[in-house]
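*Asks:* Structure file my_file_32.cif, mmCIF, C-alpha atoms and all ligand atoms, is pasted below:
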```
data_work
loop_
_atom_site.group_PDB
_atom_site.id
_atom_site.type_symbol
_atom_site.label_atom_id
_atom_site.label_comp_id
_atom_site.auth_asym_id
_atom_site.auth_seq_id
_atom_site.Cartn_x
_atom_site.Cartn_y
_atom_site.Cartn_z
ATOM 1 C CA VAL C 1 1.156 -1.403 12.975
ATOM 2 C CA SER C 2 0.272 -4.952 13.743
ATOM 3 C CA ARG C 3 2.376 -7.890 12.752
ATOM 4 C CA ALA C 4 1.716 -11.605 12.845
ATOM 5 C CA ILE C 5 3.707 -14.805 12.967
ATOM 6 C CA GLY C 6 3.297 -16.966 9.872
ATOM 7 C CA VAL C 7 3.951 -20.689 10.205
ATOM 8 C CA ASP C 8 4.577 -23.057 7.319
ATOM 9 C CA LEU C 9 3.921 -26.602 8.505
ATOM 10 C CA GLY C 10 5.094 -29.299 6.108
ATOM 11 C CA GLY C 11 5.663 -33.022 6.147
ATOM 12 C CA SER C 12 9.402 -32.629 6.729
ATOM 13 C CA HIS C 13 9.858 -29.279 8.459
ATOM 14 C CA VAL C 14 8.152 -26.426 10.290
ATOM 15 C CA MET C 15 9.074 -22.771 9.774
ATOM 16 C CA ALA C 16 7.935 -19.642 11.592
ATOM 17 C CA VAL C 17 8.582 -16.065 10.540
ATOM 18 C CA LEU C 18 7.485 -12.594 11.573
ATOM 19 C CA VAL C 19 5.352 -11.020 8.820
ATOM 20 C CA GLY C 20 4.722 -7.275 8.627
ATOM 21 C CA GLU C 21 1.560 -5.588 7.430
ATOM 22 C CA ASP C 22 3.368 -4.881 4.161
ATOM 23 C CA GLY C 23 4.221 -8.562 3.752
ATOM 24 C CA ALA C 24 7.878 -8.058 4.714
ATOM 25 C CA LEU C 25 9.497 -11.065 6.359
ATOM 26 C CA GLY C 26 11.767 -11.330 9.376
ATOM 27 C CA LYS C 27 14.284 -14.078 10.009
ATOM 28 C CA LYS C 28 13.046 -17.612 9.348
ATOM 29 C CA HIS C 29 13.174 -20.129 12.188
ATOM 30 C CA GLU C 30 13.042 -23.737 11.060
ATOM 31 C CA LEU C 31 13.106 -27.226 12.534
ATOM 32 C CA ASP C 32 13.139 -30.553 10.707
ATOM 33 C CA LEU C 33 10.368 -33.007 11.540
ATOM 34 C CA ASP C 34 11.302 -36.679 11.745
ATOM 35 C CA ASP C 35 8.404 -37.838 13.893
ATOM 36 C CA LEU C 36 4.937 -36.726 12.763
ATOM 37 C CA ALA C 37 3.033 -37.580 15.964
ATOM 38 C CA PRO C 38 0.857 -34.552 16.875
ATOM 39 C CA GLY C 39 2.612 -34.011 20.231
ATOM 40 C CA VAL C 40 6.072 -33.945 18.644
ATOM 41 C CA VAL C 41 4.994 -31.658 15.794
ATOM 42 C CA ILE C 42 3.302 -29.221 18.173
ATOM 43 C CA GLN C 43 6.414 -29.084 20.366
ATOM 44 C CA ALA C 44 8.544 -28.155 17.322
ATOM 45 C CA LEU C 45 5.934 -25.619 16.254
ATOM 46 C CA GLU C 46 5.938 -24.047 19.723
ATOM 47 C CA SER C 47 9.724 -23.752 19.625
ATOM 48 C CA VAL C 48 9.942 -21.986 16.231
ATOM 49 C CA VAL C 49 7.043 -19.653 17.069
ATOM 50 C CA LYS C 50 8.761 -18.653 20.337
ATOM 51 C CA ASP C 51 11.947 -17.904 18.388
ATOM 52 C CA ALA C 52 10.037 -15.801 15.853
ATOM 53 C CA LEU C 53 8.282 -13.903 18.661
ATOM 54 C CA LYS C 54 11.703 -12.912 20.041
ATOM 55 C CA ASP C 55 12.276 -10.952 16.799
ATOM 56 C CA ALA C 56 9.222 -8.804 17.485
ATOM 57 C CA ASP C 57 8.383 -5.984 19.845
ATOM 58 C CA ASP C 58 4.962 -6.230 21.432
ATOM 59 C CA ASP C 59 3.131 -5.472 18.192
ATOM 60 C CA VAL C 60 2.408 -9.101 17.275
ATOM 61 C CA VAL C 61 -1.325 -9.760 17.405
ATOM 62 C CA ALA C 62 -1.797 -13.158 15.838
ATOM 63 C CA ILE C 63 -0.300 -16.492 14.818
ATOM 64 C CA GLY C 64 -1.296 -18.071 11.507
ATOM 65 C CA ILE C 65 -0.488 -21.640 10.521
ATOM 66 C CA GLY C 66 -0.703 -23.169 7.050
ATOM 67 C CA SER C 67 -1.004 -26.963 7.214
ATOM 68 C CA PRO C 68 -1.392 -29.658 4.580
ATOM 69 C CA GLY C 69 -4.664 -31.525 4.528
ATOM 70 C CA ASN C 70 -8.320 -30.744 5.034
ATOM 71 C CA VAL C 71 -8.533 -28.028 7.675
ATOM 72 C CA ASP C 72 -11.638 -26.593 9.293
ATOM 73 C CA ALA C 73 -10.467 -22.988 9.199
ATOM 74 C CA SER C 74 -13.171 -21.810 11.627
ATOM 75 C CA SER C 75 -11.845 -23.990 14.482
ATOM 76 C CA GLY C 76 -8.342 -24.765 13.258
ATOM 77 C CA THR C 77 -8.924 -28.520 13.462
ATOM 78 C CA ILE C 78 -7.052 -30.698 10.973
ATOM 79 C CA THR C 79 -9.893 -32.923 9.823
ATOM 80 C CA PHE C 80 -7.686 -35.168 7.721
ATOM 81 C CA SER C 81 -4.068 -34.930 6.637
ATOM 82 C CA PRO C 82 -2.647 -37.792 4.572
ATOM 83 C CA ASN C 83 0.880 -36.306 4.853
ATOM 84 C CA PHE C 84 0.776 -36.491 8.651
ATOM 85 C CA GLY C 85 -1.598 -39.415 9.018
ATOM 86 C CA TRP C 86 -3.767 -37.186 11.217
ATOM 87 C CA HIS C 87 -7.522 -37.375 11.777
ATOM 88 C CA ASP C 88 -9.334 -34.649 13.733
ATOM 89 C CA VAL C 89 -6.308 -33.092 15.434
ATOM 90 C CA PRO C 90 -7.451 -29.840 17.128
ATOM 91 C CA LEU C 91 -4.270 -27.975 16.186
ATOM 92 C CA GLY C 92 -5.837 -24.521 16.576
ATOM 93 C CA ALA C 93 -7.091 -25.238 20.108
ATOM 94 C CA LEU C 94 -3.739 -26.740 21.145
ATOM 95 C CA VAL C 95 -1.774 -23.733 19.855
ATOM 96 C CA ARG C 96 -4.232 -21.316 21.510
ATOM 97 C CA ASP C 97 -3.496 -23.044 24.847
ATOM 98 C CA LEU C 98 0.238 -22.518 24.275
ATOM 99 C CA PHE C 99 -0.075 -18.869 23.196
ATOM 100 C CA PRO C 100 -3.166 -17.455 24.940
ATOM 101 C CA LYS C 101 -2.136 -13.825 24.242
ATOM 102 C CA TYR C 102 -2.600 -14.175 20.492
ATOM 103 C CA SER C 103 -5.425 -14.975 18.144
ATOM 104 C CA VAL C 104 -4.595 -18.194 16.327
ATOM 105 C CA PHE C 105 -5.619 -19.223 12.822
ATOM 106 C CA VAL C 106 -5.026 -22.555 11.057
ATOM 107 C CA GLY C 107 -5.817 -23.071 7.381
ATOM 108 C CA ASN C 108 -4.879 -25.339 4.496
ATOM 109 C CA ASP C 109 -1.372 -24.494 3.270
ATOM 110 C CA ALA C 110 -2.312 -24.131 -0.406
ATOM 111 C CA ARG C 111 -5.243 -21.833 0.384
ATOM 112 C CA CYS C 112 -2.944 -19.775 2.641
ATOM 113 C CA ALA C 113 -0.410 -19.558 -0.200
ATOM 114 C CA THR C 114 -3.166 -18.420 -2.570
ATOM 115 C CA LEU C 115 -4.109 -15.663 -0.121
ATOM 116 C CA GLY C 116 -0.458 -14.610 0.238
ATOM 117 C CA GLU C 117 0.099 -14.473 -3.512
ATOM 118 C CA TYR C 118 -3.210 -12.637 -4.000
ATOM 119 C CA VAL C 119 -2.564 -9.950 -1.399
ATOM 120 C CA TYR C 120 1.207 -9.461 -1.823
ATOM 121 C CA GLY C 121 2.209 -11.188 -5.067
ATOM 122 C CA VAL C 122 1.042 -11.373 -8.688
ATOM 123 C CA GLY C 123 -2.617 -11.565 -7.691
ATOM 124 C CA GLN C 124 -2.638 -7.937 -6.571
ATOM 125 C CA GLY C 125 -5.182 -5.784 -8.376
ATOM 126 C CA THR C 126 -7.221 -8.696 -9.757
ATOM 127 C CA ASP C 127 -10.676 -9.923 -8.699
ATOM 128 C CA ASP C 128 -10.376 -13.403 -10.208
ATOM 129 C CA PHE C 129 -7.152 -15.224 -9.515
ATOM 130 C CA ALA C 130 -5.772 -18.743 -9.214
ATOM 131 C CA LEU C 131 -2.542 -20.161 -7.815
ATOM 132 C CA LEU C 132 -1.145 -23.544 -8.784
ATOM 133 C CA THR C 133 1.874 -24.762 -6.832
ATOM 134 C CA LEU C 134 3.768 -27.339 -8.875
ATOM 135 C CA GLY C 135 5.968 -29.318 -6.497
ATOM 136 C CA THR C 136 5.875 -32.956 -5.460
ATOM 137 C CA GLY C 137 2.104 -32.516 -5.800
ATOM 138 C CA ILE C 138 -0.129 -29.722 -7.079
ATOM 139 C CA GLY C 139 -1.657 -27.393 -4.532
ATOM 140 C CA GLY C 140 -3.971 -24.617 -5.479
ATOM 141 C CA GLY C 141 -6.660 -22.185 -4.690
ATOM 142 C CA PHE C 142 -8.798 -19.587 -6.371
ATOM 143 C CA VAL C 143 -10.177 -16.185 -5.653
ATOM 144 C CA VAL C 144 -13.528 -15.493 -7.304
ATOM 145 C CA ARG C 145 -14.767 -11.889 -7.329
ATOM 146 C CA GLY C 146 -12.406 -11.076 -4.460
ATOM 147 C CA VAL C 147 -13.444 -14.046 -2.303
ATOM 148 C CA LEU C 148 -11.137 -16.994 -1.685
ATOM 149 C CA ALA C 149 -13.210 -20.104 -2.434
ATOM 150 C CA LEU C 150 -13.300 -22.575 0.483
ATOM 151 C CA GLY C 151 -16.217 -24.807 -0.419
ATOM 152 C CA HIS C 152 -18.855 -26.686 1.541
ATOM 153 C CA LYS C 153 -16.343 -28.892 3.449
ATOM 154 C CA MET C 154 -13.187 -26.818 2.919
ATOM 155 C CA GLY C 155 -12.353 -28.769 -0.230
ATOM 156 C CA ALA C 156 -12.500 -26.026 -2.875
ATOM 157 C CA GLY C 157 -9.191 -25.562 -4.625
ATOM 158 C CA GLU C 158 -8.128 -29.225 -4.491
ATOM 159 C CA VAL C 159 -7.423 -28.997 -8.213
ATOM 160 C CA GLY C 160 -4.552 -31.494 -7.907
ATOM 161 C CA HIS C 161 -7.084 -34.292 -7.666
ATOM 162 C CA HIS C 162 -9.251 -33.639 -10.660
ATOM 163 C CA GLN C 163 -8.613 -36.449 -13.130
ATOM 164 C CA ILE C 164 -7.256 -35.520 -16.523
ATOM 165 C CA ARG C 165 -6.055 -38.989 -17.705
ATOM 166 C CA PRO C 166 -8.372 -41.495 -15.986
ATOM 167 C CA ASP C 167 -7.607 -44.246 -18.523
ATOM 168 C CA THR C 168 -3.925 -43.904 -19.302
ATOM 169 C CA GLY C 169 -2.517 -41.862 -16.437
ATOM 170 C CA PHE C 170 -0.276 -42.518 -13.473
ATOM 171 C CA VAL C 171 -1.603 -43.716 -10.105
ATOM 172 C CA CYS C 172 -2.096 -40.755 -7.769
ATOM 173 C CA SER C 173 -1.245 -40.699 -4.049
ATOM 174 C CA CYS C 174 -4.998 -40.352 -3.449
ATOM 175 C CA GLY C 175 -5.712 -43.682 -5.163
ATOM 176 C CA LYS C 176 -7.270 -42.374 -8.372
ATOM 177 C CA ILE C 177 -5.715 -42.694 -11.821
ATOM 178 C CA GLY C 178 -4.443 -39.735 -13.810
ATOM 179 C CA CYS C 179 -5.093 -36.924 -11.348
ATOM 180 C CA PHE C 180 -3.745 -33.534 -12.424
ATOM 181 C CA GLU C 181 -1.010 -33.752 -9.769
ATOM 182 C CA ALA C 182 0.007 -37.279 -10.780
ATOM 183 C CA GLN C 183 0.540 -35.987 -14.334
ATOM 184 C CA ALA C 184 1.677 -32.384 -14.058
ATOM 185 C CA SER C 185 3.605 -31.942 -10.794
ATOM 186 C CA GLY C 186 7.396 -32.215 -10.554
ATOM 187 C CA THR C 187 6.840 -35.880 -9.694
ATOM 188 C CA GLY C 188 4.648 -36.172 -12.784
ATOM 189 C CA LEU C 189 7.511 -34.935 -14.982
ATOM 190 C CA LEU C 190 9.727 -37.714 -13.580
ATOM 191 C CA ARG C 191 7.038 -40.297 -14.233
ATOM 192 C CA HIS C 192 6.722 -39.165 -17.852
ATOM 193 C CA ALA C 193 10.485 -39.632 -18.228
ATOM 194 C CA PHE C 194 10.307 -43.186 -16.822
ATOM 195 C CA ARG C 195 7.290 -44.138 -18.917
ATOM 196 C CA LEU C 196 9.015 -42.923 -22.098
ATOM 197 C CA ALA C 197 12.298 -44.724 -21.378
ATOM 198 C CA PRO C 198 11.589 -47.744 -23.632
ATOM 199 C CA SER C 199 11.322 -45.392 -26.621
ATOM 200 C CA PHE C 200 14.805 -44.025 -25.936
ATOM 201 C CA PRO C 201 17.010 -47.106 -25.451
ATOM 202 C CA ARG C 202 20.238 -45.125 -25.839
ATOM 203 C CA SER C 203 19.195 -42.335 -23.471
ATOM 204 C CA THR C 204 21.491 -41.734 -20.510
ATOM 205 C CA LEU C 205 18.832 -39.651 -18.734
ATOM 206 C CA LEU C 206 17.884 -42.372 -16.279
ATOM 207 C CA ASP C 207 21.457 -43.424 -15.515
ATOM 208 C CA THR C 208 21.334 -40.902 -12.690
ATOM 209 C CA PRO C 209 20.203 -42.667 -9.487
ATOM 210 C CA ARG C 210 16.518 -42.035 -8.935
ATOM 211 C CA GLU C 211 17.029 -40.209 -5.640
ATOM 212 C CA ARG C 212 19.260 -37.660 -7.389
ATOM 213 C CA LEU C 213 17.130 -37.315 -10.507
ATOM 214 C CA GLY C 214 14.849 -34.373 -9.863
ATOM 215 C CA SER C 215 12.376 -32.585 -12.105
ATOM 216 C CA LYS C 216 14.873 -29.748 -12.454
ATOM 217 C CA ALA C 217 17.533 -32.061 -13.918
ATOM 218 C CA ILE C 218 15.070 -33.310 -16.533
ATOM 219 C CA ARG C 219 13.992 -29.784 -17.413
ATOM 220 C CA ARG C 220 17.625 -28.631 -17.795
ATOM 221 C CA LEU C 221 18.360 -31.567 -20.108
ATOM 222 C CA ALA C 222 15.215 -30.784 -22.091
ATOM 223 C CA GLN C 223 16.476 -27.220 -22.491
ATOM 224 C CA SER C 224 19.812 -28.516 -23.731
ATOM 225 C CA GLY C 225 18.041 -30.585 -26.398
ATOM 226 C CA ASP C 226 18.168 -34.117 -24.927
ATOM 227 C CA GLN C 227 15.435 -35.915 -26.905
ATOM 228 C CA HIS C 228 14.248 -38.174 -24.098
ATOM 229 C CA ALA C 229 14.041 -35.291 -21.613
ATOM 230 C CA LEU C 230 12.373 -33.038 -24.180
ATOM 231 C CA THR C 231 9.728 -35.633 -25.043
ATOM 232 C CA ALA C 232 8.983 -36.078 -21.324
ATOM 233 C CA TRP C 233 8.867 -32.305 -20.871
ATOM 234 C CA ASN C 234 6.412 -31.904 -23.756
ATOM 235 C CA ALA C 235 4.123 -34.666 -22.425
ATOM 236 C CA PHE C 236 4.246 -32.977 -19.013
ATOM 237 C CA CYS C 237 3.400 -29.566 -20.534
ATOM 238 C CA ASP C 238 0.451 -31.086 -22.446
ATOM 239 C CA ASP C 239 -0.968 -32.431 -19.180
ATOM 240 C CA LEU C 240 -0.311 -29.178 -17.341
ATOM 241 C CA ALA C 241 -2.095 -27.212 -20.073
ATOM 242 C CA LEU C 242 -5.043 -29.622 -20.006
ATOM 243 C CA GLY C 243 -5.564 -29.028 -16.284
ATOM 244 C CA ILE C 244 -5.076 -25.272 -16.582
ATOM 245 C CA ALA C 245 -7.635 -25.091 -19.406
ATOM 246 C CA ASN C 246 -10.104 -26.944 -17.145
ATOM 247 C CA LEU C 247 -9.433 -24.350 -14.445
ATOM 248 C CA VAL C 248 -10.214 -21.601 -16.966
ATOM 249 C CA ALA C 249 -13.533 -23.329 -17.670
ATOM 250 C CA PHE C 250 -14.346 -23.700 -13.954
ATOM 251 C CA VAL C 251 -13.532 -20.239 -12.620
ATOM 252 C CA ASN C 252 -12.232 -18.118 -15.527
ATOM 253 C CA PRO C 253 -9.412 -16.390 -13.653
ATOM 254 C CA GLU C 254 -7.822 -13.208 -14.936
ATOM 255 C CA VAL C 255 -4.402 -14.380 -13.735
ATOM 256 C CA ILE C 256 -3.186 -17.927 -13.085
ATOM 257 C CA ALA C 257 0.070 -17.941 -11.138
ATOM 258 C CA LEU C 258 2.372 -20.949 -11.263
ATOM 259 C CA GLY C 259 4.526 -21.510 -8.188
ATOM 260 C CA GLY C 260 6.567 -24.381 -6.769
ATOM 261 C CA GLY C 261 9.827 -25.909 -7.938
ATOM 262 C CA VAL C 262 8.792 -26.570 -11.547
ATOM 263 C CA SER C 263 7.855 -22.912 -12.101
ATOM 264 C CA SER C 264 11.536 -21.975 -11.820
ATOM 265 C CA ALA C 265 11.701 -23.052 -15.494
ATOM 266 C CA GLY C 266 10.213 -19.604 -16.234
ATOM 267 C CA ASP C 267 9.669 -18.802 -19.914
ATOM 268 C CA PHE C 268 10.736 -22.282 -21.030
ATOM 269 C CA LEU C 269 7.582 -23.499 -19.270
ATOM 270 C CA LEU C 270 5.266 -20.557 -19.911
ATOM 271 C CA ASP C 271 6.040 -20.170 -23.644
ATOM 272 C CA ARG C 272 5.155 -23.825 -24.190
ATOM 273 C CA VAL C 273 2.079 -23.955 -21.962
ATOM 274 C CA ARG C 274 0.295 -20.715 -22.930
ATOM 275 C CA PRO C 275 -0.569 -21.688 -26.541
ATOM 276 C CA LEU C 276 -1.568 -25.196 -25.411
ATOM 277 C CA VAL C 277 -4.004 -23.690 -22.902
ATOM 278 C CA ASP C 278 -5.331 -21.359 -25.599
ATOM 279 C CA ALA C 279 -5.895 -24.304 -27.925
ATOM 280 C CA ARG C 280 -8.078 -25.976 -25.276
ATOM 281 C CA THR C 281 -9.941 -22.825 -24.262
ATOM 282 C CA THR C 282 -13.315 -22.706 -25.951
ATOM 283 C CA MET C 283 -15.809 -20.682 -23.931
ATOM 284 C CA VAL C 284 -13.887 -17.518 -23.099
ATOM 285 C CA PRO C 285 -11.856 -15.466 -25.592
ATOM 286 C CA ARG C 286 -8.427 -17.024 -26.087
ATOM 287 C CA GLY C 287 -5.478 -15.125 -24.686
ATOM 288 C CA THR C 288 -7.547 -13.386 -22.005
ATOM 289 C CA THR C 289 -6.146 -15.494 -19.130
ATOM 290 C CA ARG C 290 -2.687 -14.375 -18.082
ATOM 291 C CA ILE C 291 -0.483 -17.307 -17.041
ATOM 292 C CA VAL C 292 2.501 -16.036 -15.077
ATOM 293 C CA ARG C 293 5.053 -17.093 -12.515
ATOM 294 C CA ALA C 294 4.136 -16.658 -8.858
ATOM 295 C CA THR C 295 6.418 -14.195 -7.105
ATOM 296 C CA LEU C 296 6.425 -15.112 -3.412
ATOM 297 C CA GLY C 297 7.957 -18.561 -3.921
ATOM 298 C CA ASN C 298 8.064 -20.777 -0.848
ATOM 299 C CA ASP C 299 7.148 -17.836 1.392
ATOM 300 C CA ALA C 300 3.579 -17.548 0.079
ATOM 301 C CA GLY C 301 2.134 -20.008 2.617
ATOM 302 C CA ALA C 302 3.595 -18.343 5.705
ATOM 303 C CA VAL C 303 2.735 -14.858 4.416
ATOM 304 C CA GLY C 304 -0.845 -15.938 3.672
ATOM 305 C CA ALA C 305 -1.259 -17.691 7.036
ATOM 306 C CA ALA C 306 -0.073 -14.566 8.869
ATOM 307 C CA THR C 307 -2.425 -12.422 6.775
ATOM 308 C CA ALA C 308 -5.376 -14.703 7.530
ATOM 309 C CA ALA C 309 -4.529 -14.645 11.246
ATOM 310 C CA ARG C 310 -4.460 -10.844 11.254
ATOM 311 C CA ARG C 311 -7.683 -10.572 9.235
ATOM 312 C CA GLY C 312 -9.522 -13.250 11.220
ATOM 313 C CA GLY C 313 -9.940 -15.637 8.295
ATOM 314 C CA LEU C 314 -8.960 -16.360 4.683
ATOM 315 C CA ILE C 315 -10.223 -12.948 3.609
ATOM 316 C CA ALA C 316 -8.781 -12.013 0.223
ATOM 317 C CA LYS C 317 -10.357 -8.601 -0.182
ATOM 318 C CA PRO C 318 -11.953 -7.112 2.940
ATOM 319 C CA SER C 319 -14.264 -4.933 0.838
ATOM 320 C CA ALA C 320 -15.649 -7.963 -1.008
ATOM 321 C CA LEU C 321 -17.407 -9.018 2.178
ATOM 322 C CA SER C 322 -19.095 -5.665 2.775
ATOM 323 C CA PRO C 323 -22.829 -5.641 2.202
ATOM 324 C CA VAL C 324 -23.792 -4.222 -1.172
ATOM 325 C CA GLY C 325 -25.921 -1.062 -1.368
HETATM 326 ZN ZN ZN C 401 -5.362 -37.679 -6.774
#
```
Kindly present the structure from the file in structure tokens form.
*Replies:*
Amino acid sequence: VSRAIGVDLGGSHVMAVLVGEDGALGKKHELDLDDLAPGVVIQALESVVKDALKDADDDVVAIGIGSPGNVDASSGTITFSPNFGWHDVPLGALVRDLFPKYSVFVGNDARCATLGEYVYGVGQGTDDFALLTLGTGIGGGFVVRGVLALGHKMGAGEVGHHQIRPDTGFVCSCGKIGCFEAQASGTGLLRHAFRLAPSFPRSTLLDTPRERLGSKAIRRLAQSGDQHALTAWNAFCDDLALGIANLVAFVNPEVIALGGGVSSAGDFLLDRVRPLVDARTTMVPRGTTRIVRATLGNDAGAVGAATAARRGGLIAKPSALSPVG
């Protein structure tokens, strides 16, 4: 047996956990991040990894880190991370210096989550798979014929920033208008509710202070029949379906898994979105793409990072890389 430490590095916290070869998780060790300077973040990372290593015997072989931003997975350098404000931070090299006994891997968090969900979650048994994480943004990744797509400059899978409403949409954190994540993330659902407010002058939906009004609150109200919330929910689902149908056209997955906070809506989300995706699907037979809930939840990134560290890269299906014939 060989186990690995999986690290989930986010803009507000860092978590390390021991991950078994079967994907089983040990205890999670977390620290909040207030200061995002590389030195401070790496110190916190070192501390949680050391704690996670204490849970293991001497069978840990590798440390895998999933980080937001554009990551050169071959070196582990964070080329650019808007969340951290980092440019060319050699995270992999710095962590290797701290833990010379272990092989160290750093990859983009959404691609790591895609690998985790593919190997241990709902992607199992498929060759063509996509994960969309619907949270404050939209992260994603896709596996094509058993290979996780990385792209020329590690940018494959950045589906959150394809524009679906360039004329009428919301401003995205990346500067463009109407990106998929501006429209169809949890934040997008909130923005739909605010945009629609003038049409619902008697609505009490937005009486809740903005910092306490989450996407979940709007979804729950939509489920209970609140007209303002329901109209926002339906506009959100239209935009989500538009982006998913584009994904079907790009890579024709067998399974598209929806993760992140918004996916906790379950069938209320899926029953609405599936027929809308079908209606926009023109070049493959309708109903042949299964849209389901992801199963690993917030653990997918750490599980995938540990898996990549153990496999020596974002390798979805080891056999897919074997020479043919
Ligand atoms: Zn964008």
*Asks:* Given the choices C:Thr79, C:Ser203, C:Thr281, C:Thr307, which gets closest to Asp22 (chain C) if the distance is worked out from only C-alpha atoms?
*Replies:* C:Thr307
*Asks:* Pick out the closest residue to Lys28 (chain C) from this set: C:Leu148, C:Phe170, C:Asp8, C:Ile315. Count only C-alpha atoms.
*Replies:*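 Once distances to Lys28 (chain C) are computed over only C-alpha atoms, the minimum belongs to C:Asp8.
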*Asks:* Can you spell out as a list in words the set of residues that the PyMOL selection byres (((not hetatm)) within 7 of (chain C and resi 401)) selects in the structure I just provided?
*Replies:*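 Residues picked by the PyMOL selection byres (((not hetatm)) within 7 of (chain C and resi 401)): Gly160, His161, His162, Cys172, Ser173, Cys174, Gly175, Lys176, Cys179, Glu181 and Ala182 of chain C.
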*Asks:* Tell me, as a PyMOL selection string, which residues lie within 12 Å of Asp57 (chain C), counting all atoms listed in the file; anything in the same chain fewer than 2 positions away does not count.
*Replies:* chain C and resi 1-4+18+20+52-55+59-61
*Asks:* Figure out the distance between CA of Val292 (chain C) and CA of Val71 (chain C), please, to one decimal in Å.
*Replies:*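 Separation of CA of Val71 (chain C) and CA of Val292 (chain C): 28.0 Å.
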*Asks:* How would you write as number ranges by chain the residues that get within 6 Å of (1.1, -17.3, -6.5) in the file's frame, counting only C-alpha atoms?
*Replies:* C: 114, 117, 131, 257, 259, 294
*Asks:* List as a list in words the protein and nucleic acid residues near Thr204 (chain C), meaning an atom at most 10 Å away when all atoms listed in the file are counted, but skip any in the same chain fewer than 3 places from it.
*Replies:* Ala197, Phe200, Pro201, Asp207, Thr208, Asp226, His228 and Ala229 of chain C
*Asks:* I need the output of the PyMOL selection byres (((chain C and resi 290) around 6) and not hetatm) for this file as a compact mmCIF listing (two decimals) with C-alpha atoms, in the coordinates of the input; which residues are they?
*Replies:*
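Generated output (out-v6.txt):
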```txt
# COMPACT_ATOMS: atom_id res chain seq x y z
CA VAL C 255 -4.40 -14.38 -13.74
CA THR C 289 -6.15 -15.49 -19.13
CA ILE C 291 -0.48 -17.31 -17.04
```
*Asks:* Check what the PyMOL selection byres (((chain C and resi 62) around 10) and not hetatm) selects in the file above and give those residues as a ChimeraX atom specification.
*Replies:* /C:2-6,59-61,63-64,99,101-105,305-312
*Asks:* Output C-alpha atoms for every residue in the selection just made, as a compact mmCIF listing (two decimals), in the frame of the given file.
*Replies:*
```
# COMPACT_ATOMS: atom_id res chain seq x y z
CA SER C 2 0.27 -4.95 13.74
CA ARG C 3 2.38 -7.89 12.75
CA ALA C 4 1.72 -11.60 12.84
CA ILE C 5 3.71 -14.80 12.97
CA GLY C 6 3.30 -16.97 9.87
CA ASP C 59 3.13 -5.47 18.19
CA VAL C 60 2.41 -9.10 17.27
CA VAL C 61 -1.32 -9.76 17.40
CA ILE C 63 -0.30 -16.49 14.82
CA GLY C 64 -1.30 -18.07 11.51
CA PHE C 99 -0.08 -18.87 23.20
CA LYS C 101 -2.14 -13.82 24.24
CA TYR C 102 -2.60 -14.18 20.49
CA SER C 103 -5.42 -14.98 18.14
CA VAL C 104 -4.60 -18.19 16.33
CA PHE C 105 -5.62 -19.22 12.82
CA ALA C 305 -1.26 -17.69 7.04
CA ALA C 306 -0.07 -14.57 8.87
CA THR C 307 -2.42 -12.42 6.78
CA ALA C 308 -5.38 -14.70 7.53
CA ALA C 309 -4.53 -14.64 11.25
CA ARG C 310 -4.46 -10.84 11.25
CA ARG C 311 -7.68 -10.57 9.24
CA GLY C 312 -9.52 -13.25 11.22
```
*Asks:* Which is closer to Ile256 (chain C) than all the others in C:Arg202, C:Arg272, C:Arg286, C:Arg293, using all atoms listed in the file?
*Replies:* C:Arg293
*Asks:* Which one of C:Ile138, C:Val95, C:Ala110, C:Leu242 sits closest to Gln43 (chain C) if you count all atoms listed in the file?
*Replies:*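 Of C:Ile138, C:Val95, C:Ala110, C:Leu242, the one nearest Gln43 (chain C) is C:Val95, counting all atoms listed in the file.
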*Asks:* Name the residues in contact with Gly304 (chain C) at a cut-off of 9 Å, using only C-alpha atoms, excluding same-chain residues fewer than 4 positions from it; report them as a PyMOL selection string.
*Replies:* chain C and resi 6+23+64-66+109+111-120+299-300+308-309+314
*Asks:* From the options C:Ile42, C:Leu134, C:Leu258, C:Leu150, which residue's atoms come nearest to Leu296 (chain C), counting all atoms listed in the file?
*Replies:*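 Among C:Ile42, C:Leu134, C:Leu258, C:Leu150, it is C:Leu258 that comes nearest to Leu296 (chain C).
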*Asks:* One number please: CA of Leu230 (chain C) to CA of Ile218 (chain C), in Å, one decimal.
*Replies:*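 Atom-to-atom, CA of Leu230 (chain C) and CA of Ile218 (chain C) are spaced 8.1 Å apart.
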*Asks:* In the coordinates of the file, take the point (2.6, -35.9, 7.4) and a cut-off of 6 Å; then, counting all atoms listed in the file, name each qualifying protein, DNA or RNA residue as a list in words.
*Replies:*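 Selection result: Gly11, Leu36, Asn83, Phe84 and Gly85 of chain C.
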*Asks:* CA of Ala149 (chain C) and CA of Thr136 (chain C), how far apart in Å?
*Replies:*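 Distance reported for this atom pair: 23.2 Å.
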*Asks:* Between C:Gly123, C:Ala73, C:Gly146, C:Glu46, single out the one closest to Leu94 (chain C), counting only C-alpha atoms.
*Replies:*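 Of all the options, C:Glu46 lies closest to Leu94 (chain C).
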*Asks:* Tell me which protein, DNA and RNA residues are within 8 Å of Gly76 (chain C), counting only C-alpha atoms, leaving out same-chain ones fewer than 4 positions away, and put them as JSON, numbers by chain.
*Replies:* {"C": [71, 72, 90, 91, 92, 93, 105, 106, 107]}
*Asks:* So that each row is one residue of region 245-307 of chain C with an atom at most 9 Å from region 236-241 of chain C, can you give its shortest atom pair and the distance in Å to one decimal, using only C-alpha atoms, rows by chain and rising number, as CSV?
*Replies:*
```
residue,atom,partner,partner_atom,distance
C:Ala245,CA,C:Ala241,CA,6.0
C:Asn246,CA,C:Ala241,CA,8.5
C:Leu269,CA,C:Cys237,CA,7.5
C:Arg272,CA,C:Cys237,CA,7.0
C:Val273,CA,C:Ala241,CA,5.6
C:Arg274,CA,C:Ala241,CA,7.5
C:Pro275,CA,C:Ala241,CA,8.6
C:Leu276,CA,C:Ala241,CA,5.7
C:Val277,CA,C:Ala241,CA,4.9
C:Asp278,CA,C:Ala241,CA,8.7
C:Arg280,CA,C:Ala241,CA,8.0
```
